[in-house]
$ cat run-v8.cif   # mmCIF, C-alpha atoms
data_run
#
loop_
_atom_site.label_atom_id
_atom_site.label_comp_id
_atom_site.auth_asym_id
_atom_site.auth_seq_id
_atom_site.Cartn_x
_atom_site.Cartn_y
_atom_site.Cartn_z
CA MET A 1 67.35 102.15 11.17
CA ARG A 2 71.09 101.55 11.39
CA ARG A 3 73.41 104.55 11.25
CA LEU A 4 77.11 104.90 10.54
CA GLN A 5 79.01 107.60 12.41
CA VAL A 6 81.22 109.25 9.78
CA SER A 7 82.40 112.20 11.84
CA GLN A 8 81.75 113.69 15.25
CA ASP A 9 78.61 115.48 14.18
CA ARG A 10 77.49 113.52 11.13
CA ARG A 11 75.72 110.19 10.81
CA LEU A 12 74.53 108.43 7.69
CA THR A 13 71.85 105.76 7.50
CA TYR A 14 72.19 102.71 5.29
CA ARG A 15 69.58 104.37 3.07
CA ASP A 16 71.80 107.48 2.78
CA LEU A 17 74.80 105.33 1.90
CA ALA A 18 72.77 103.33 -0.63
CA ASP A 19 71.60 106.55 -2.30
CA ILE A 20 75.18 107.78 -2.55
CA ALA A 21 76.38 104.43 -3.93
CA GLY A 22 73.44 104.15 -6.33
CA THR A 23 72.26 100.85 -4.93
CA SER A 24 69.48 99.50 -2.73
CA GLU A 25 69.36 99.72 1.05
CA ARG A 26 69.35 95.91 1.23
CA THR A 27 72.50 95.68 -0.89
CA MET A 28 74.20 98.31 1.28
CA SER A 29 73.25 96.36 4.38
CA GLU A 30 74.79 93.19 2.90
CA TRP A 31 77.97 95.09 2.05
CA MET A 32 78.22 96.55 5.54
CA ARG A 33 77.70 93.11 7.14
CA GLY A 34 80.34 91.63 4.83
CA ALA A 35 77.89 89.12 3.37
CA THR A 36 78.68 90.42 -0.13
CA SER A 37 80.88 93.13 -1.56
CA PRO A 38 80.77 95.26 -4.66
CA MET A 39 82.93 94.04 -7.51
CA GLY A 40 86.47 95.38 -7.10
CA MET A 41 85.84 96.89 -3.67
CA ASN A 42 88.50 94.88 -1.83
CA GLY A 43 91.16 95.87 -4.34
CA LEU A 44 90.13 99.51 -4.21
CA LEU A 45 90.15 99.59 -0.41
CA ASN A 46 93.56 97.89 -0.34
CA LEU A 47 94.93 100.55 -2.69
CA MET A 48 93.37 103.42 -0.72
CA SER A 49 94.61 102.05 2.61
CA ALA A 50 98.18 101.96 1.24
CA LEU A 51 98.07 105.72 0.65
CA LYS A 52 98.85 108.39 3.18
CA GLU A 53 95.72 110.18 4.39
CA ASP A 54 96.48 113.36 2.43
CA ASP A 55 97.14 111.35 -0.74
CA ALA A 56 93.89 109.38 -0.31
CA THR A 57 92.01 112.65 0.14
CA LYS A 58 93.59 114.03 -3.05
CA VAL A 59 92.59 110.91 -5.00
CA LEU A 60 88.99 111.30 -3.80
CA GLU A 61 88.95 115.00 -4.68
CA LEU A 62 90.21 114.26 -8.20
CA TRP A 63 87.62 111.49 -8.58
CA ARG A 64 84.81 113.84 -7.57
CA GLU A 65 85.94 116.37 -10.16
CA ALA A 66 86.34 113.87 -13.01
CA ALA A 67 83.79 111.12 -12.37
CA PRO A 68 80.48 111.21 -14.17
CA GLN A 69 77.79 111.01 -11.54
CA ASP A 70 74.14 110.18 -11.68
CA PRO A 71 72.83 113.67 -10.89
CA THR A 72 69.76 112.39 -9.10
CA SER A 73 71.19 109.89 -6.62
CA ALA A 74 74.47 111.65 -5.81
CA ASN A 75 73.01 115.13 -5.48
CA GLU A 76 69.96 114.00 -3.50
CA ALA A 77 72.17 112.06 -1.08
CA GLN A 78 74.47 115.05 -0.60
CA GLU A 79 71.49 117.32 0.06
CA LYS A 80 70.24 114.91 2.76
CA GLN A 81 73.61 115.18 4.50
CA LYS A 82 73.40 118.97 4.85
#

$ encode --input "run-v8.cif" --output "structure tokens"
Amino acid sequence: MRRLQVSQDRRLTYRDLADIAGTSERTMSEWMRGATSPMGMNGLLNLMSALKEDDATKVLELWREAAPQDPTSANEAQEKQK
């Protein structure tokens, strides 16, 4: 199973990432390979990459507070990470 190193001591599998994104492992694999991309992803990443790191972090924090989340997929994925 492929893993993505997200920090020194934390790795996520494609299955973990798919759970967080609310999609299938196959779709996540295609996104990671660049074969396909989620609608709007390139624009979003371009915007985020234009921000300073602290500003990007603040945007993500605000999103987490305000965004409606599917309680099953997001919470289960976060529990797996712990």

$ atom_distance --input "run-v8.cif" --atom1 "atom CA of A:Ser29" --atom2 "atom CA of A:Thr13"
10.0 Å

$ axis_aligned_box --input "run-v8.cif" --around "stretch 24-30 of chain A" --padding-each-side "5 Å" --output "AutoDock Vina command-line options"
--center_x 72.1 --center_y 96.5 --center_z 0.8 --size_x 15.4 --size_y 16.5 --size_z 17.1

$ residues_near_point --input "run-v8.cif" --point "(74.6, 97.6, -3.3)" --cutoff "12 Å" --atoms "only C-alpha atoms" --output "PyMOL selection string"
chain A and resi 14-39+41

$ atom_distance --input "run-v8.cif" --atom1 "atom CA of A:Val59" --atom2 "atom CA of A:Leu47"
10.9 Å

$ atom_distance --input "run-v8.cif" --atom1 "atom CA of A:Thr57" --atom2 "atom CA of A:Leu45"
13.2 Å
